[in-house]
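Below is target.csv, holding CSV, C-alpha atoms.
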```csv
chain,number,residue,atom,x,y,z
A,1,MET,CA,-82.8,-81.8,78.1
A,2,GLN,CA,-82.3,-78.4,76.6
A,3,ILE,CA,-84.1,-75.0,76.8
A,4,THR,CA,-85.7,-74.3,73.5
A,5,GLY,CA,-87.7,-71.1,74.1
A,6,ILE,CA,-88.9,-68.5,76.5
A,7,ASP,CA,-92.3,-66.7,76.4
A,8,CYS,CA,-92.9,-63.5,78.2
A,9,HIS,CA,-96.5,-62.6,79.0
A,10,VAL,CA,-97.0,-58.9,79.9
A,11,LEU,CA,-100.3,-58.7,81.8
A,12,VAL,CA,-102.5,-55.9,83.0
A,13,GLN,CA,-105.9,-56.0,84.6
A,14,PRO,CA,-108.6,-53.6,83.3
A,15,ALA,CA,-109.1,-50.2,85.0
A,16,PHE,CA,-105.9,-50.3,86.9
A,17,ASP,CA,-105.3,-47.3,89.3
A,18,THR,CA,-101.9,-45.6,89.1
A,19,THR,CA,-102.7,-43.9,92.5
A,20,ALA,CA,-103.1,-47.2,94.3
A,21,ALA,CA,-100.2,-48.8,96.2
A,22,SER,CA,-100.9,-52.2,94.7
A,23,SER,CA,-98.6,-54.0,92.3
A,24,ALA,CA,-101.2,-56.8,91.9
A,25,GLN,CA,-102.6,-54.9,89.0
A,26,ASP,CA,-100.0,-56.0,86.5
A,27,ASP,CA,-97.6,-58.9,86.1
A,28,ILE,CA,-95.0,-60.5,83.9
A,29,VAL,CA,-95.3,-64.3,83.6
A,30,VAL,CA,-92.5,-66.2,81.9
A,31,GLU,CA,-92.6,-69.7,80.5
A,32,ILE,CA,-89.4,-71.7,79.8
A,33,HIS,CA,-89.8,-74.5,77.3
A,34,THR,CA,-87.7,-77.6,76.6
A,35,ASP,CA,-87.1,-80.1,73.9
A,36,GLU,CA,-88.8,-82.7,76.0
A,37,GLY,CA,-92.1,-80.8,76.2
A,38,ILE,CA,-91.7,-79.8,79.9
A,39,SER,CA,-92.2,-76.2,80.8
A,40,GLY,CA,-91.9,-74.1,83.9
A,41,ILE,CA,-93.6,-70.8,84.9
A,42,GLY,CA,-92.4,-67.9,87.0
A,43,GLU,CA,-93.2,-64.2,87.7
A,44,THR,CA,-91.7,-61.2,89.3
A,45,ASP,CA,-93.0,-58.0,90.8
A,46,VAL,CA,-91.7,-55.2,88.6
A,47,ASN,CA,-93.0,-53.2,85.7
A,48,PRO,CA,-93.7,-56.0,83.2
A,49,TRP,CA,-92.6,-54.1,80.1
A,50,ILE,CA,-89.3,-53.4,81.7
A,51,ALA,CA,-88.8,-57.0,82.8
A,52,ARG,CA,-89.7,-58.2,79.3
A,53,ALA,CA,-87.0,-55.9,77.8
A,54,CYS,CA,-84.4,-57.2,80.3
A,55,ILE,CA,-85.2,-60.8,79.2
A,56,GLU,CA,-85.6,-60.3,75.4
A,57,ALA,CA,-83.0,-57.6,74.6
A,58,PRO,CA,-80.0,-59.0,72.7
A,59,GLY,CA,-76.5,-58.6,74.1
A,60,THR,CA,-73.6,-57.0,72.2
A,61,HIS,CA,-70.6,-58.0,74.4
A,62,ASN,CA,-69.8,-60.6,77.1
A,63,MET,CA,-70.5,-58.2,80.0
A,64,GLY,CA,-74.0,-57.3,78.8
A,65,LEU,CA,-75.6,-60.4,77.4
A,66,GLY,CA,-79.3,-60.8,77.0
A,67,LEU,CA,-81.0,-63.1,79.6
A,68,ALA,CA,-82.9,-65.2,77.2
A,69,GLU,CA,-80.0,-65.8,74.8
A,70,MET,CA,-77.9,-67.1,77.8
A,71,LEU,CA,-80.6,-69.7,78.5
A,72,ILE,CA,-81.3,-71.1,75.1
A,73,GLY,CA,-79.7,-74.5,74.6
A,74,ALA,CA,-78.8,-74.8,78.3
A,75,ASP,CA,-79.6,-77.7,80.6
A,76,PRO,CA,-82.6,-76.4,82.7
A,77,LEU,CA,-81.8,-78.8,85.6
A,78,GLU,CA,-78.6,-76.8,86.4
A,79,VAL,CA,-80.7,-74.1,88.1
A,80,GLU,CA,-78.1,-72.6,90.5
A,81,ASP,CA,-75.4,-72.6,87.9
A,82,LEU,CA,-77.7,-70.8,85.5
A,83,TRP,CA,-78.4,-68.2,88.1
A,84,GLU,CA,-74.7,-67.4,88.2
A,85,ARG,CA,-74.4,-67.4,84.4
A,86,LEU,CA,-77.3,-64.9,84.2
A,87,TYR,CA,-75.9,-62.7,87.0
A,88,VAL,CA,-72.3,-62.6,85.6
A,89,GLY,CA,-73.3,-62.3,82.0
A,90,SER,CA,-75.6,-59.4,82.5
A,91,ALA,CA,-73.4,-57.6,85.1
A,92,MET,CA,-72.8,-54.3,83.3
A,93,ASN,CA,-76.6,-53.9,82.7
A,94,GLY,CA,-77.7,-55.5,85.9
A,95,ARG,CA,-76.1,-56.6,89.3
A,96,ARG,CA,-79.1,-54.9,91.0
A,97,GLY,CA,-82.5,-53.5,90.0
A,98,ALA,CA,-84.8,-54.6,87.2
A,99,VAL,CA,-82.4,-57.0,85.6
A,100,ILE,CA,-82.2,-59.0,88.8
A,101,ASN,CA,-86.0,-58.8,89.1
A,102,ALA,CA,-86.2,-60.4,85.6
A,103,ILE,CA,-83.7,-63.1,86.6
A,104,GLY,CA,-86.0,-63.8,89.5
A,105,ALA,CA,-88.9,-64.7,87.1
A,106,LEU,CA,-86.6,-66.9,85.1
A,107,ASP,CA,-85.2,-68.6,88.2
A,108,LEU,CA,-88.7,-69.4,89.5
A,109,ALA,CA,-89.6,-70.9,86.1
A,110,LEU,CA,-86.4,-73.0,86.2
A,111,HIS,CA,-87.2,-74.3,89.7
A,112,ASP,CA,-90.7,-75.1,88.6
A,113,LEU,CA,-89.4,-76.9,85.5
A,114,ARG,CA,-86.8,-78.9,87.4
A,115,GLY,CA,-89.4,-80.1,89.9
A,116,LYS,CA,-91.7,-81.2,87.1
A,117,ALA,CA,-88.9,-82.9,85.3
A,118,LEU,CA,-87.8,-84.8,88.4
A,119,GLY,CA,-91.3,-85.4,89.8
A,120,LYS,CA,-90.6,-83.6,93.0
A,121,PRO,CA,-91.9,-80.4,94.7
A,122,CYS,CA,-89.3,-77.6,94.8
A,123,HIS,CA,-88.7,-77.8,98.5
A,124,GLU,CA,-87.4,-81.3,98.2
A,125,LEU,CA,-84.8,-80.0,95.7
A,126,LEU,CA,-83.9,-77.1,97.9
A,127,GLY,CA,-82.6,-79.2,100.7
A,128,GLY,CA,-85.8,-80.7,102.2
A,129,ALA,CA,-88.6,-79.5,104.3
A,130,VAL,CA,-88.0,-78.6,108.0
A,131,ARG,CA,-91.7,-78.3,108.8
A,132,ASP,CA,-95.0,-80.0,107.9
A,133,GLU,CA,-97.0,-76.8,107.4
A,134,ILE,CA,-96.6,-73.1,106.6
A,135,THR,CA,-98.3,-70.4,108.6
A,136,PRO,CA,-99.7,-67.5,106.6
A,137,TYR,CA,-100.6,-64.0,107.7
A,138,ALA,CA,-103.3,-61.8,106.1
A,139,SER,CA,-102.4,-58.5,104.6
A,140,LEU,CA,-105.0,-55.7,105.2
A,141,GLN,CA,-104.7,-52.8,102.7
A,142,PRO,CA,-108.1,-51.2,102.1
A,143,GLU,CA,-108.2,-48.6,99.3
A,144,THR,CA,-110.4,-45.8,100.6
A,145,THR,CA,-110.6,-42.0,100.4
A,146,SER,CA,-111.3,-41.0,104.0
A,147,PHE,CA,-109.9,-41.9,107.3
A,148,ASP,CA,-113.2,-43.0,108.7
A,149,GLU,CA,-113.8,-45.4,105.8
A,150,TYR,CA,-110.2,-46.7,106.1
A,151,LEU,CA,-110.5,-47.3,109.8
A,152,TYR,CA,-113.9,-49.1,109.5
A,153,SER,CA,-112.6,-51.2,106.6
A,154,ILE,CA,-109.3,-52.3,108.1
A,155,VAL,CA,-111.0,-53.3,111.4
A,156,GLU,CA,-113.6,-55.2,109.5
A,157,TRP,CA,-110.9,-57.0,107.4
A,158,ALA,CA,-108.9,-57.8,110.5
A,159,THR,CA,-112.0,-59.3,112.2
A,160,LYS,CA,-112.8,-61.4,109.1
A,161,ALA,CA,-109.3,-62.6,108.8
A,162,VAL,CA,-109.1,-63.9,112.4
A,163,ASP,CA,-112.6,-65.4,112.0
A,164,ALA,CA,-111.3,-67.2,108.9
A,165,GLY,CA,-108.5,-68.8,110.9
A,166,PHE,CA,-105.5,-66.5,110.3
A,167,LYS,CA,-103.1,-66.5,113.3
A,168,ALA,CA,-101.6,-63.2,112.3
A,169,VAL,CA,-102.7,-60.1,110.4
A,170,LYS,CA,-100.7,-57.2,108.9
A,171,ALA,CA,-102.2,-53.7,109.0
A,172,GLU,CA,-101.0,-51.4,106.2
A,173,VAL,CA,-101.0,-48.2,108.3
A,174,THR,CA,-99.9,-45.6,105.7
A,175,LEU,CA,-101.5,-42.3,106.6
A,176,GLU,CA,-98.3,-40.3,105.9
A,177,GLY,CA,-95.4,-40.5,103.6
A,178,PRO,CA,-95.0,-40.9,99.8
A,179,TYR,CA,-97.4,-43.9,99.6
A,180,ALA,CA,-100.2,-42.7,101.9
A,181,HIS,CA,-103.5,-44.4,101.1
A,182,ASN,CA,-105.1,-42.4,98.3
A,183,GLY,CA,-103.5,-39.2,99.4
A,184,LEU,CA,-104.6,-39.4,103.0
A,185,ARG,CA,-102.5,-37.2,105.3
A,186,GLU,CA,-103.2,-37.8,108.9
A,187,PRO,CA,-101.2,-37.1,112.1
A,188,TRP,CA,-99.4,-40.1,113.6
A,189,GLU,CA,-101.8,-40.1,116.6
A,190,ARG,CA,-104.4,-41.4,114.2
A,191,SER,CA,-102.2,-44.3,113.1
A,192,THR,CA,-101.9,-45.2,116.8
A,193,GLN,CA,-105.7,-45.1,117.0
A,194,VAL,CA,-105.9,-47.6,114.0
A,195,LEU,CA,-103.5,-50.0,115.8
A,196,ALA,CA,-105.5,-49.8,119.0
A,197,ASP,CA,-108.7,-50.6,117.2
A,198,VAL,CA,-107.2,-53.5,115.2
A,199,ARG,CA,-105.6,-55.0,118.3
A,200,SER,CA,-108.9,-54.8,120.1
A,201,ALA,CA,-110.7,-56.5,117.2
A,202,ILE,CA,-108.3,-59.4,116.9
A,203,GLY,CA,-107.5,-59.9,120.6
A,204,ASP,CA,-104.2,-60.8,122.2
A,205,ASP,CA,-103.8,-64.3,120.8
A,206,ALA,CA,-103.2,-63.2,117.1
A,207,ASP,CA,-99.9,-61.7,116.0
A,208,LEU,CA,-100.2,-58.1,114.8
A,209,LEU,CA,-97.7,-56.9,112.1
A,210,VAL,CA,-97.6,-53.3,110.8
A,211,ASP,CA,-96.4,-51.9,107.5
A,212,VAL,CA,-96.0,-48.2,107.2
A,213,GLN,CA,-94.5,-48.2,103.7
A,214,TYR,CA,-91.5,-45.9,104.2
A,215,ALA,CA,-93.6,-43.3,105.8
A,216,PHE,CA,-91.2,-42.0,108.5
A,217,PRO,CA,-89.0,-39.1,107.2
A,218,ASN,CA,-86.1,-40.0,109.6
A,219,ALA,CA,-85.1,-42.2,112.5
A,220,ASP,CA,-86.1,-39.6,115.2
A,221,THR,CA,-89.7,-39.5,114.0
A,222,ALA,CA,-89.9,-43.2,113.8
A,223,LEU,CA,-88.5,-43.7,117.3
A,224,GLY,CA,-91.0,-41.2,118.7
A,225,VAL,CA,-94.0,-42.9,117.1
A,226,LEU,CA,-92.8,-46.4,117.9
A,227,GLU,CA,-92.7,-45.5,121.6
A,228,ASP,CA,-96.5,-45.1,121.5
A,229,TRP,CA,-96.8,-48.4,119.7
A,230,ARG,CA,-95.0,-50.5,122.3
A,231,GLN,CA,-98.3,-51.1,124.0
A,232,PHE,CA,-99.7,-53.2,121.1
A,233,ASN,CA,-97.2,-56.1,121.3
A,234,LEU,CA,-96.3,-55.9,117.6
A,235,PHE,CA,-94.6,-58.8,115.8
A,236,PHE,CA,-92.8,-56.3,113.6
A,237,VAL,CA,-92.9,-52.9,112.0
A,238,GLU,CA,-92.2,-53.1,108.3
A,239,THR,CA,-90.2,-50.6,106.2
A,240,PRO,CA,-90.3,-47.6,108.5
A,241,LEU,CA,-87.6,-45.8,106.6
A,242,TRP,CA,-86.4,-45.3,103.0
A,243,PRO,CA,-84.3,-48.4,102.0
A,244,ASP,CA,-81.1,-46.5,101.5
A,245,ASP,CA,-81.1,-45.1,105.1
A,246,LEU,CA,-79.1,-47.9,106.6
A,247,ASP,CA,-77.8,-45.9,109.5
A,248,GLY,CA,-81.4,-44.8,110.3
A,249,TYR,CA,-82.4,-48.5,110.2
A,250,ARG,CA,-79.6,-49.3,112.7
A,251,ARG,CA,-80.9,-46.7,115.1
A,252,VAL,CA,-84.6,-47.7,114.8
A,253,SER,CA,-83.7,-51.4,115.1
A,254,THR,CA,-81.4,-51.0,118.2
A,255,GLU,CA,-82.9,-48.0,120.1
A,256,GLN,CA,-86.4,-49.5,120.7
A,257,PRO,CA,-87.7,-53.0,121.3
A,258,ILE,CA,-90.2,-53.6,118.5
A,259,PRO,CA,-88.6,-55.8,115.8
A,260,ILE,CA,-88.0,-54.0,112.5
A,261,ALA,CA,-88.6,-55.7,109.1
A,262,ALA,CA,-87.4,-54.6,105.6
A,263,GLY,CA,-86.1,-55.8,102.3
A,264,GLU,CA,-89.0,-56.0,99.9
A,265,TRP,CA,-87.3,-53.8,97.2
A,266,LEU,CA,-83.8,-55.2,97.6
A,267,THR,CA,-82.1,-57.4,95.0
A,268,THR,CA,-79.5,-60.1,95.7
A,269,ARG,CA,-78.1,-61.4,98.9
A,270,PHE,CA,-75.6,-58.6,98.9
A,271,GLU,CA,-78.1,-55.8,99.5
A,272,HIS,CA,-79.8,-57.9,102.1
A,273,LEU,CA,-76.5,-58.5,103.8
A,274,ASP,CA,-76.0,-54.7,104.1
A,275,LEU,CA,-79.4,-54.4,105.7
A,276,MET,CA,-78.7,-57.2,108.1
A,277,GLU,CA,-75.2,-56.0,109.2
A,278,ARG,CA,-75.3,-52.3,108.8
A,279,GLY,CA,-79.0,-51.8,109.2
A,280,GLN,CA,-79.3,-54.3,112.1
A,281,ILE,CA,-82.8,-55.3,111.3
A,282,GLN,CA,-84.4,-58.3,113.0
A,283,VAL,CA,-86.6,-59.6,110.1
A,284,CYS,CA,-85.5,-60.0,106.5
A,285,GLN,CA,-88.2,-59.7,103.8
A,286,PRO,CA,-86.9,-60.7,100.4
A,287,ASP,CA,-89.6,-60.6,97.7
A,288,ILE,CA,-88.7,-63.8,96.0
A,289,GLY,CA,-89.1,-62.6,92.4
A,290,ARG,CA,-87.5,-59.3,93.0
A,291,VAL,CA,-84.5,-60.6,95.0
A,292,GLY,CA,-83.5,-62.9,92.1
A,293,GLY,CA,-85.7,-65.9,92.5
A,294,LEU,CA,-85.8,-68.9,94.8
A,295,THR,CA,-82.1,-69.5,94.4
A,296,GLU,CA,-81.2,-66.1,95.8
A,297,ALA,CA,-84.0,-66.0,98.3
A,298,ARG,CA,-82.7,-69.2,99.8
A,299,ARG,CA,-79.3,-67.7,100.2
A,300,VAL,CA,-80.8,-64.6,101.9
A,301,ALA,CA,-82.7,-66.9,104.3
A,302,GLN,CA,-79.5,-68.8,105.1
A,303,LEU,CA,-77.6,-65.6,105.8
A,304,ALA,CA,-80.3,-64.5,108.1
A,305,GLU,CA,-80.3,-67.8,109.9
A,306,GLU,CA,-76.6,-67.6,110.4
A,307,ARG,CA,-77.1,-64.3,112.2
A,308,GLY,CA,-80.1,-65.4,114.3
A,309,LEU,CA,-82.6,-63.3,112.2
A,310,ARG,CA,-86.1,-64.2,111.1
A,311,VAL,CA,-87.3,-64.3,107.5
A,312,VAL,CA,-90.8,-63.4,106.4
A,313,PRO,CA,-90.9,-63.1,102.6
A,314,HIS,CA,-92.8,-60.3,101.0
A,315,LEU,CA,-95.2,-61.0,98.1
A,316,TRP,CA,-98.1,-59.2,96.5
A,317,LYS,CA,-98.7,-61.0,93.3
A,318,THR,CA,-100.4,-64.2,92.2
A,319,GLY,CA,-100.5,-67.9,93.2
A,320,ILE,CA,-97.1,-68.3,91.5
A,321,SER,CA,-95.4,-66.1,94.1
A,322,ILE,CA,-97.4,-67.6,97.0
A,323,ALA,CA,-96.3,-71.1,96.0
A,324,ALA,CA,-92.6,-69.9,95.8
A,325,ALA,CA,-92.9,-68.4,99.3
A,326,ALA,CA,-94.4,-71.6,100.6
A,327,HIS,CA,-91.5,-73.7,99.3
A,328,LEU,CA,-89.0,-71.2,100.8
A,329,ALA,CA,-90.7,-71.3,104.1
A,330,ALA,CA,-90.7,-75.1,104.0
A,331,VAL,CA,-86.9,-75.3,103.9
A,332,SER,CA,-86.2,-72.3,106.2
A,333,PRO,CA,-86.3,-72.9,110.0
A,334,ASN,CA,-86.2,-69.2,110.6
A,335,CYS,CA,-89.4,-68.4,108.6
A,336,ASP,CA,-92.3,-67.8,110.8
A,337,TYR,CA,-94.9,-66.6,108.3
A,338,ILE,CA,-95.5,-66.0,104.6
A,339,GLU,CA,-97.7,-63.2,103.3
A,340,PHE,CA,-100.9,-64.6,102.0
A,341,LEU,CA,-104.1,-63.1,100.6
A,342,PRO,CA,-106.6,-65.8,99.5
A,343,ALA,CA,-107.9,-65.2,96.0
A,344,GLU,CA,-111.5,-65.1,97.2
A,345,LEU,CA,-110.7,-62.2,99.5
A,346,SER,CA,-108.6,-60.2,97.0
A,347,GLU,CA,-109.9,-57.1,95.2
A,348,SER,CA,-107.6,-57.9,92.3
A,349,PRO,CA,-109.2,-59.9,89.4
A,350,MET,CA,-105.8,-61.0,88.3
A,351,ARG,CA,-105.1,-62.4,91.7
A,352,LYS,CA,-108.4,-64.3,91.6
A,353,ASP,CA,-108.1,-66.1,88.3
A,354,LEU,CA,-104.5,-66.1,86.9
A,355,THR,CA,-103.6,-69.5,88.4
A,356,SER,CA,-105.2,-72.7,89.4
A,357,ASP,CA,-104.3,-75.6,91.8
A,358,GLU,CA,-103.4,-73.0,94.4
A,359,LEU,CA,-102.3,-73.7,97.9
A,360,ARG,CA,-105.1,-73.4,100.4
A,361,MET,CA,-105.2,-72.5,104.1
A,362,VAL,CA,-106.7,-75.2,106.4
A,363,ASP,CA,-107.3,-74.4,110.1
A,364,GLY,CA,-104.9,-71.4,109.9
A,365,VAL,CA,-102.0,-73.2,108.1
A,366,ILE,CA,-101.1,-74.2,104.6
A,367,PRO,CA,-100.2,-77.9,104.2
A,368,LEU,CA,-96.8,-78.6,102.8
A,369,PRO,CA,-96.9,-78.5,98.9
A,370,THR,CA,-96.7,-82.0,97.4
A,371,LYS,CA,-97.1,-81.4,93.6
A,372,PRO,CA,-94.0,-81.4,91.4
A,373,GLY,CA,-92.4,-78.0,90.9
A,374,LEU,CA,-94.1,-75.0,92.3
A,375,GLY,CA,-97.4,-76.8,92.1
A,376,VAL,CA,-99.6,-74.2,90.3
A,377,GLU,CA,-100.8,-73.9,86.7
A,378,LEU,CA,-101.8,-71.0,84.6
A,379,ASN,CA,-105.3,-70.2,83.6
A,380,ARG,CA,-104.8,-69.7,79.8
A,381,ASP,CA,-108.0,-67.8,79.3
A,382,ALA,CA,-106.9,-65.3,82.0
A,383,VAL,CA,-103.4,-65.0,80.5
A,384,ASP,CA,-104.9,-64.2,77.1
A,385,ARG,CA,-107.4,-61.7,78.5
A,386,TYR,CA,-104.8,-59.7,80.6
A,387,ALA,CA,-102.3,-59.9,77.8
A,388,ALA,CA,-104.8,-58.3,75.4
A,389,GLU,CA,-105.4,-55.6,78.0
A,390,ALA,CA,-101.6,-54.9,78.2
A,391,ARG,CA,-101.3,-54.7,74.4
A,392,GLU,CA,-104.1,-52.1,74.4
A,393,VAL,CA,-102.5,-50.1,77.1
A,394,ALA,CA,-99.1,-50.1,75.3
A,395,GLY,CA,-100.6,-49.6,71.9
A,396,GLU,CA,-99.0,-52.9,70.7
A,397,VAL,CA,-100.3,-55.0,67.9
A,398,ALA,CA,-101.0,-58.7,68.6
A,399,VAL,CA,-98.8,-61.1,66.7
```
Before we go any further, please render this structure as structure tokens.
Amino acid sequence: MQITGIDCHVLVQPAFDTTAASSAQDDIVVEIHTDEGISGIGETDVNPWIARACIEAPGTHNMGLGLAEMLIGADPLEVEDLWERLYVGSAMNGRRGAVINAIGALDLALHDLRGKALGKPCHELLGGAVRDEITPYASLQPETTSFDEYLYSIVEWATKAVDAGFKAVKAEVTLEGPYAHNGLREPWERSTQVLADVRSAIGDDADLLVDVQYAFPNADTALGVLEDWRQFNLFFVETPLWPDDLDGYRRVSTEQPIPIAAGEWLTTRFEHLDLMERGQIQVCQPDIGRVGGLTEARRVAQLAEERGLRVVPHLWKTGISIAAAAHLAAVSPNCDYIEFLPAELSESPMRKDLTSDELRMVDGVIPLPTKPGLGVELNRDAVDRYAAEAREVAGEVAV
């Protein structure tokens, strides 16, 4: 079997909001095709036009080859070897950042393709499942313009999530910092009020996770606020500091008892290893597409397991990424939860209708995937619709 072609679908939903902290408004979906008529799909969470350029750009020397040209003619079943080929061949342009994000989309498609070709779900080809079910948590990120609306909405969402069977919820409490909700600027005492109200709404039996989206300016501020949050029995606090502040992460991770989680923006196992060893975090959060795909996410999870750390993959995309996270969780004994927003609860139309045959939560858990590959399929009408929107945004002419 040989790879014969790669399609890159740049997708954007109508009326996207550049002030919103939601990357579910756009996507790049790749399809890898073979001479035997078997194809695989993947995606990654990065600007889709940038990712497309990383994939389609031709190379001019052996340290900066194009990603697509390195795959054409290759055996798609050699997934892990192809990851190394892409990483080494694009090293001068890549090694980190958007090129690795683009490799992630291709790697997901290769895992999907291999599973379909061999008639097995991805987790069987990643070493075998260590669990019979995956536990999801609900992400709560209301987009509102006032604190009162935000507080009402997040408490309402938390209540609905627990009523729907979720065993854990994550509150996006970003009332300060560069990614504050629609420009809200509130004192930290109000964030503490949010957590008090959410904890009261969900009770003591559900786990409460918190994401502040890089809001603390330094470790001292973070430590002062987290002292007030100890009362809420938090499962973790996500991305309290800018990702480059590894010494700050070490302080926040070791000078107070709440577990600290981070890693959503990092690429490759090497950046995650810095965060584990120098930053001393307790929970690793590789975004599977961004980190470099299932191949590299599996390596991150194994490095974390060797150090006694937890893995809770980040994802904020479509059913493709949800499926990938489920397969990673299936083979990772140190993975407690995956991030999961059911399509019917999402405010993103792309999240609702881009894929079919999605994984479903039943009694608070997701049954182990059984279909070959990732186990999801594209809705072609949705792909065409969002691709047309993307062409209009970019001023491109349909071919």
Each residue of stretch 54-136 of chain A with at least one atom at most 12 Å from stretch 165-174 of chain A should appear once, together with its nearest atom pair and the corresponding distance in Å (one decimal); atoms considered: only C-alpha atoms; ordering: chain, then increasing residue number; output as a tab-separated table.
```
residue	atom	partner	partner_atom	distance
A:Ile134	CA	A:Lys167	CA	11.4
A:Thr135	CA	A:Lys167	CA	7.8
A:Pro136	CA	A:Phe166	CA	7.0
```
With all atoms listed in the file as the basis for distance, which of A:Asn101, A:Gln285, A:Asn93, A:Thr254 is at the shortest distance from A:Glu238? A:Gln285
Which one of A:Glu84, A:Asp287, A:Asp75, A:Glu306 sits closest to A:Asp35 if you count only C-alpha atoms?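 Nearest candidate to A:Asp35 out of A:Glu84, A:Asp287, A:Asp75, A:Glu306: A:Asp75.
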List as a count of residues only the residues having at least one atom at most 12 Å from position (-92.3, -82.7, 91.1) as given in the file, counting only C-alpha atoms. 25
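Counting from atom CA of A:Ser23, the distance to atom CA of A:Thr239 is 16.6 Å.
For the atom pair formed by atom CA of A:Trp157 and atom CA of A:Ile366, the distance is 20.0 Å, given to one decimal.
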So how many Å separate atom CA of A:Ser90 and atom CA of A:Val383, to one decimal? 28.4 Å
With distances taken over all atoms listed in the file, which of A:Cys284, A:Glu143, A:Arg290, A:Leu82 is nearest to A:Ala98? A:Arg290
All residues 10 Å or closer to stretch 205-220 of chain A, only C-alpha atoms, same chain fewer than 4 positions away omitted, as a PyMOL selection string: chain A and resi 21+137-141+158+162+165-180+188+191+195+198-199+224-226+232-243+245+247-253+255+259-262
Which residues are near A:Glu396? Cut-off 12 Å, only C-alpha atoms, ignore same chain within fewer than 5 positions. Put them as a PyMOL selection string. chain A and resi 10+49+387-391
Residue nearest A:Leu11 - candidates A:Ala201, A:Leu354, A:Val365, A:Ala222, atoms counted: only C-alpha atoms: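 Smallest distance to A:Leu11 is found for A:Leu354.
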Show which residues sit within 7 Å of A:Ala105, as a ChimeraX atom specification. Count all atoms listed in the file, and ignore same-chain residues fewer than 5 positions away. /A:30,42-44,289,293
How would the residues just chosen look if you wrote them out with C-alpha atoms as a short mmCIF file (atom, residue, chain, number, x, y, z; two decimals), keeping the file's coordinate frame?
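Generated output (out_9.cif):
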```
data_model
loop_
_atom_site.label_atom_id
_atom_site.label_comp_id
_atom_site.auth_asym_id
_atom_site.auth_seq_id
_atom_site.Cartn_x
_atom_site.Cartn_y
_atom_site.Cartn_z
CA VAL A 30 -92.50 -66.20 81.90
CA GLY A 42 -92.40 -67.90 87.00
CA GLU A 43 -93.20 -64.20 87.70
CA THR A 44 -91.70 -61.20 89.30
CA GLY A 289 -89.10 -62.60 92.40
CA GLY A 293 -85.70 -65.90 92.50
#
```
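Considering the residues A:Ala382, A:Ile322, A:Ile41, A:Ala102 and counting all atoms listed in the file, A:Gly292 has its shortest atom-to-atom contact with A:Ala102.
Nearest-residue note for A:Asp26: choosing from A:Thr318, A:Ser153, A:Thr268, A:Gln193, the minimum distance belongs to A:Thr318, counting all atoms listed in the file.
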Residues at most 8 Å from A:Arg131, counting all atoms listed in the file, excluding those fewer than 3 positions away in the same chain, as a list in words?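 Counting all atoms listed in the file, the residues come to Ile134, Ala330, Val331, Pro333 and Leu368 of chain A.
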